[in-house]
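Colleague: Quick one: the structure is below, questions incoming.
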Amino acid sequence: METLQNLDYSGRITLMKKTAKQFKETAQEHDENVTFPFENFEKLKEIGYPALSIPKEYGGAGISLSELMKHQETIAKYDGATALSVGWHMGIIMDLGEKQTWDAEKYKKISADVIENGSLINNLATEPATGSPTRGGKPETTAVKDGDSWILNGRKTFATLSPILKYASVSATIEETGEVGDFIVDTNLEGVSVDETWNSVAMRASGSHDFIMENVRVKEEDLVSFRTPGKKDPSGWLLHIPACYLGIAKAAQTAAVEFATTYSPNSIKGTISELPNVQEKLGRIEMAVMEADAFLYTVAKEWDDSDPEERNEMGAKLGAVKTSIVNKAVEIVDLSMRVVGAKSLNADNELQRHYRNVRAGLHNPPMDDMVIINLARYSVEKLK
């Protein structure tokens, strides 16, 4: 079996496209049935994708952020839910390796599991009472020290990848001190369960159920870091979010162009692609795609080329990329549906799925209002 690790950049791009194309065959079925696409993740594991963003010193391929965005966008063109889901793992495992947030041995152990078995990890922070963790809410999930162990109790919502996760990094309030810590939970531990609550109209195949911990005992060293609620260092890996929605938008564009160049009602000669009103929409779509491409990959390359100190100054720009591209993606899908017309609303038409999925991006972090406020502050600070 050919794997990404053994190929050069061009070969990796080609193999990913070949693999991801298969996801389109079942995307509609999983969306309709709210089922998790286990087979997609098996295919990604077969080509070694989960380990691709692990730094080379830990045995991974150490790919750049720019390359990761290319792969994520490619997957999203064929199945947006799979792209968004695996993107969390890919970005988190990259970020932890680059910033060396955890104890080196802990990261090395989990990375080895990812490389050998394709194991997946995700951060689980959202809770019913706190909402988005970026707003600063304190977790109601609790951690109580018991000898050389921690006892965890709580429920996390939007636990994307929950049907297949091996590791969950969960935020919890330490009862003794009031601090907020991140704990690594092996999902095979006693007391861990998944409540299959996910029934959103968007990203239905992402397995974003509720993750429940009832007296889950983890080791002392499984407390891997502390956090200040509402405060987070700039993280380039979160560009996987706009990359996903850009991929969905490009899928909608392709569907619209294919329809426009083949549909020929008997009221006209040729296809509707020759009509000025249709060309105006297709042109607006293409311009929005060009703008989104340029913004995403320019900033991703800037991240790749920057040192840690320079990256710390990129927070406002990273947020702007997310907000700009997601909103452009929503516009692109809307325009694509206007090209196709009422047929785009058919339940078996992929465009209605893209329409629902792309709107999920509006609710992924960071939120638009926080991004705009941060940009205002950034513009003022530049003048000081």
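Labeling convention for the structure tokens: chains A, B, ... as they appear, residues from 1 per chain, ligands from 1 in order of appearance.
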Extract, using only C-alpha atoms, all DNA, RNA and protein residues at most 9 Å from Thr26 of chain A, discarding same-chain residues fewer than 4 positions from it, and format them as a PDB file with all heavy atoms, in the first residue's frame.
Modeller:
```pdb
ATOM      1  N   GLN A  22     -13.070   9.073  -3.474  1.00  0.00           N
ATOM      2  CA  GLN A  22     -13.936   7.955  -3.102  1.00  0.00           C
ATOM      3  C   GLN A  22     -14.984   8.367  -2.069  1.00  0.00           C
ATOM      4  O   GLN A  22     -16.039   7.738  -1.961  1.00  0.00           O
ATOM      5  CB  GLN A  22     -13.089   6.813  -2.544  1.00  0.00           C
ATOM      6  CG  GLN A  22     -12.022   6.297  -3.499  1.00  0.00           C
ATOM      7  CD  GLN A  22     -11.080   5.320  -2.815  1.00  0.00           C
ATOM      8  OE1 GLN A  22     -11.465   4.212  -2.469  1.00  0.00           O
ATOM      9  NE2 GLN A  22      -9.845   5.736  -2.615  1.00  0.00           N
ATOM     10  N   HIS A  30     -24.421   9.100   4.116  1.00  0.00           N
ATOM     11  CA  HIS A  30     -24.105   9.370   5.520  1.00  0.00           C
ATOM     12  C   HIS A  30     -24.822  10.618   6.016  1.00  0.00           C
ATOM     13  O   HIS A  30     -25.247  10.682   7.170  1.00  0.00           O
ATOM     14  CB  HIS A  30     -22.598   9.509   5.710  1.00  0.00           C
ATOM     15  CG  HIS A  30     -21.864   8.210   5.658  1.00  0.00           C
ATOM     16  ND1 HIS A  30     -22.109   7.181   6.530  1.00  0.00           N
ATOM     17  CD2 HIS A  30     -20.886   7.762   4.817  1.00  0.00           C
ATOM     18  CE1 HIS A  30     -21.326   6.156   6.254  1.00  0.00           C
ATOM     19  NE2 HIS A  30     -20.571   6.486   5.222  1.00  0.00           N
ATOM     20  N   ASP A  31     -24.960  11.607   5.143  1.00  0.00           N
ATOM     21  CA  ASP A  31     -25.654  12.828   5.520  1.00  0.00           C
ATOM     22  C   ASP A  31     -27.127  12.537   5.813  1.00  0.00           C
ATOM     23  O   ASP A  31     -27.672  12.991   6.819  1.00  0.00           O
ATOM     24  CB  ASP A  31     -25.535  13.860   4.391  1.00  0.00           C
ATOM     25  CG  ASP A  31     -26.266  15.153   4.691  1.00  0.00           C
ATOM     26  OD1 ASP A  31     -25.705  15.976   5.422  1.00  0.00           O
ATOM     27  OD2 ASP A  31     -27.400  15.316   4.208  1.00  0.00           O
ATOM     28  N   PRO A  37     -18.796   8.115   8.771  1.00  0.00           N
ATOM     29  CA  PRO A  37     -18.120   7.460   7.638  1.00  0.00           C
ATOM     30  C   PRO A  37     -16.836   6.732   8.047  1.00  0.00           C
ATOM     31  O   PRO A  37     -15.725   7.123   7.673  1.00  0.00           O
ATOM     32  CB  PRO A  37     -17.822   8.628   6.700  1.00  0.00           C
ATOM     33  CG  PRO A  37     -17.620   9.796   7.620  1.00  0.00           C
ATOM     34  CD  PRO A  37     -18.576   9.584   8.763  1.00  0.00           C
ATOM     35  N   ASP A  79     -16.146  15.439   0.682  1.00  0.00           N
ATOM     36  CA  ASP A  79     -16.967  15.203   1.868  1.00  0.00           C
ATOM     37  C   ASP A  79     -16.575  16.200   2.948  1.00  0.00           C
ATOM     38  O   ASP A  79     -15.556  16.033   3.624  1.00  0.00           O
ATOM     39  CB  ASP A  79     -16.800  13.769   2.377  1.00  0.00           C
ATOM     40  CG  ASP A  79     -17.824  13.413   3.452  1.00  0.00           C
ATOM     41  OD1 ASP A  79     -18.255  14.319   4.186  1.00  0.00           O
ATOM     42  OD2 ASP A  79     -18.198  12.244   3.552  1.00  0.00           O
TER      43      ASP A  79
END
```
Colleague: Could you pull out all residues of segment 118-237 of chain A with a DSSP call of strand (DSSP E or B) and give them as JSON, numbers by chain?
Modeller: {"A": [121, 122, 123, 124, 127, 131, 142, 143, 144, 145, 146, 149, 150, 151, 152, 153, 154, 155, 156, 157, 158, 159, 167, 168, 169, 170, 171, 172, 173, 174, 180, 181, 182, 183, 184, 185, 186, 192, 193, 194, 195, 209, 210, 211, 212, 213, 214, 215, 216, 217, 218, 219, 223, 224, 225, 226, 227]}
Colleague: Taking 5 positions as the minimum chain separation for residues in the same chain, which residues sit within 9 Å of Asn199 of chain A when counting only C-alpha atoms? Answer as a list in words.
Modeller: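 Counting only C-alpha atoms, the residues come to Val34, Arg204, Ser208 and His209 of chain A.
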Colleague: Those residues you just picked out, can you put them in a file as an mmCIF file, in the first residue's frame with C-alpha atoms?
Modeller:
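Writing the result to selection17.cif gives the following:
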```
data_model
loop_
_atom_site.group_PDB
_atom_site.id
_atom_site.type_symbol
_atom_site.label_atom_id
_atom_site.label_comp_id
_atom_site.auth_asym_id
_atom_site.auth_seq_id
_atom_site.Cartn_x
_atom_site.Cartn_y
_atom_site.Cartn_z
ATOM 1 C CA VAL A 34 -26.644 10.790 10.209
ATOM 2 C CA ARG A 204 -24.406 15.473 9.930
ATOM 3 C CA SER A 208 -20.256 15.396 17.003
ATOM 4 C CA HIS A 209 -22.135 13.673 19.811
#
```
Colleague: Would you kindly return, as a list of chain:residue names, each protein, DNA or RNA residue with an atom no farther than 8 Å from any atom of segment 158-165 of chain A, considering only C-alpha atoms and excluding same-chain residues fewer than 2 positions away?
Modeller: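 Near neighbours after the sequence-gap exclusion: A:Phe36, A:Phe38, A:Ser85, A:Val86, A:Ser119, A:Leu120, A:Ile121, A:Asn122, A:Leu124, A:Thr126, A:Lys156, A:Tyr167, A:Ala168, A:Thr187, A:Val194, A:Trp198, A:Ser206, A:Gly207, A:Ser208, A:His209, A:Asp210, A:Phe211.
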Colleague: State, in Å with one decimal place, the distance from atom CA of Gln253 of chain A to atom CA of Ala300 of chain A.
Modeller: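 Separating atom CA of Gln253 of chain A from atom CA of Ala300 of chain A is a distance of 23.1 Å.
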Colleague: Hey, what's within 12 Å of segment 346-349 of chain A if we count only C-alpha atoms and toss same-chain stuff fewer than 6 positions away? As a PDB file with N, CA and C atoms, in the first residue's frame, please?
Modeller:
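Listed below is the output, selection10.pdb:
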```
ATOM      1  N   ALA A  27     -21.085  10.236   0.604  1.00  0.00           N
ATOM      2  CA  ALA A  27     -21.328  11.467   1.365  1.00  0.00           C
ATOM      3  C   ALA A  27     -22.824  11.725   1.553  1.00  0.00           C
ATOM      4  N   GLN A  28     -23.597  11.541   0.492  1.00  0.00           N
ATOM      5  CA  GLN A  28     -25.033  11.795   0.582  1.00  0.00           C
ATOM      6  C   GLN A  28     -25.712  10.806   1.523  1.00  0.00           C
ATOM      7  N   GLU A  29     -25.309   9.546   1.446  1.00  0.00           N
ATOM      8  CA  GLU A  29     -25.903   8.501   2.281  1.00  0.00           C
ATOM      9  C   GLU A  29     -25.651   8.773   3.765  1.00  0.00           C
ATOM     10  N   ASP A  31     -24.960  11.607   5.143  1.00  0.00           N
ATOM     11  CA  ASP A  31     -25.654  12.828   5.520  1.00  0.00           C
ATOM     12  C   ASP A  31     -27.127  12.537   5.813  1.00  0.00           C
ATOM     13  N   GLU A  32     -27.761  11.785   4.952  1.00  0.00           N
ATOM     14  CA  GLU A  32     -29.185  11.487   5.124  1.00  0.00           C
ATOM     15  C   GLU A  32     -29.446  10.650   6.372  1.00  0.00           C
ATOM     16  N   ALA A 252     -19.296  23.220  -4.722  1.00  0.00           N
ATOM     17  CA  ALA A 252     -20.521  23.859  -5.197  1.00  0.00           C
ATOM     18  C   ALA A 252     -20.278  24.569  -6.523  1.00  0.00           C
ATOM     19  N   ALA A 255     -20.233  22.030  -9.298  1.00  0.00           N
ATOM     20  CA  ALA A 255     -21.587  21.574  -9.612  1.00  0.00           C
ATOM     21  C   ALA A 255     -22.336  22.611 -10.442  1.00  0.00           C
ATOM     22  N   ALA A 256     -22.154  23.893 -10.094  1.00  0.00           N
ATOM     23  CA  ALA A 256     -22.840  24.958 -10.824  1.00  0.00           C
ATOM     24  C   ALA A 256     -22.322  25.090 -12.254  1.00  0.00           C
ATOM     25  N   PHE A 259     -23.479  22.163 -14.379  1.00  0.00           N
ATOM     26  CA  PHE A 259     -24.888  22.318 -14.737  1.00  0.00           C
ATOM     27  C   PHE A 259     -25.052  23.378 -15.835  1.00  0.00           C
ATOM     28  N   MET A 337     -26.208  27.908  -6.177  1.00  0.00           N
ATOM     29  CA  MET A 337     -27.588  27.434  -6.168  1.00  0.00           C
ATOM     30  C   MET A 337     -28.484  28.326  -7.030  1.00  0.00           C
ATOM     31  N   VAL A 340     -28.129  27.087 -10.575  1.00  0.00           N
ATOM     32  CA  VAL A 340     -28.839  25.827 -10.832  1.00  0.00           C
ATOM     33  C   VAL A 340     -30.346  26.003 -10.680  1.00  0.00           C
ATOM     34  N   TYR A 355     -24.980  23.603   0.950  1.00  0.00           N
ATOM     35  CA  TYR A 355     -25.606  24.791   1.548  1.00  0.00           C
ATOM     36  C   TYR A 355     -25.716  24.632   3.059  1.00  0.00           C
ATOM     37  N   ARG A 356     -26.140  23.478   3.517  1.00  0.00           N
ATOM     38  CA  ARG A 356     -26.278  23.246   4.953  1.00  0.00           C
ATOM     39  C   ARG A 356     -24.911  23.161   5.629  1.00  0.00           C
TER      40      ARG A 356
END
```
Colleague: Quick one: everything within 12 Å of Ile110 of chain A, counting only C-alpha atoms, minus sequence neighbours fewer than 3 positions away in the same chain. Send it as number ranges by chain.
Modeller: A: 50-51, 54, 58-60, 93, 96-97, 102-107, 113-121, 166-169, 184-186, 222
Colleague: Let me make sure I understand: among A:His240, A:Leu345, A:Thr298, A:Leu383, which one has the smallest atom-to-atom distance to Lys322 of chain A if we use only C-alpha atoms?
Modeller: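 Checking each candidate against Lys322 of chain A, we get A:His240 as the closest.
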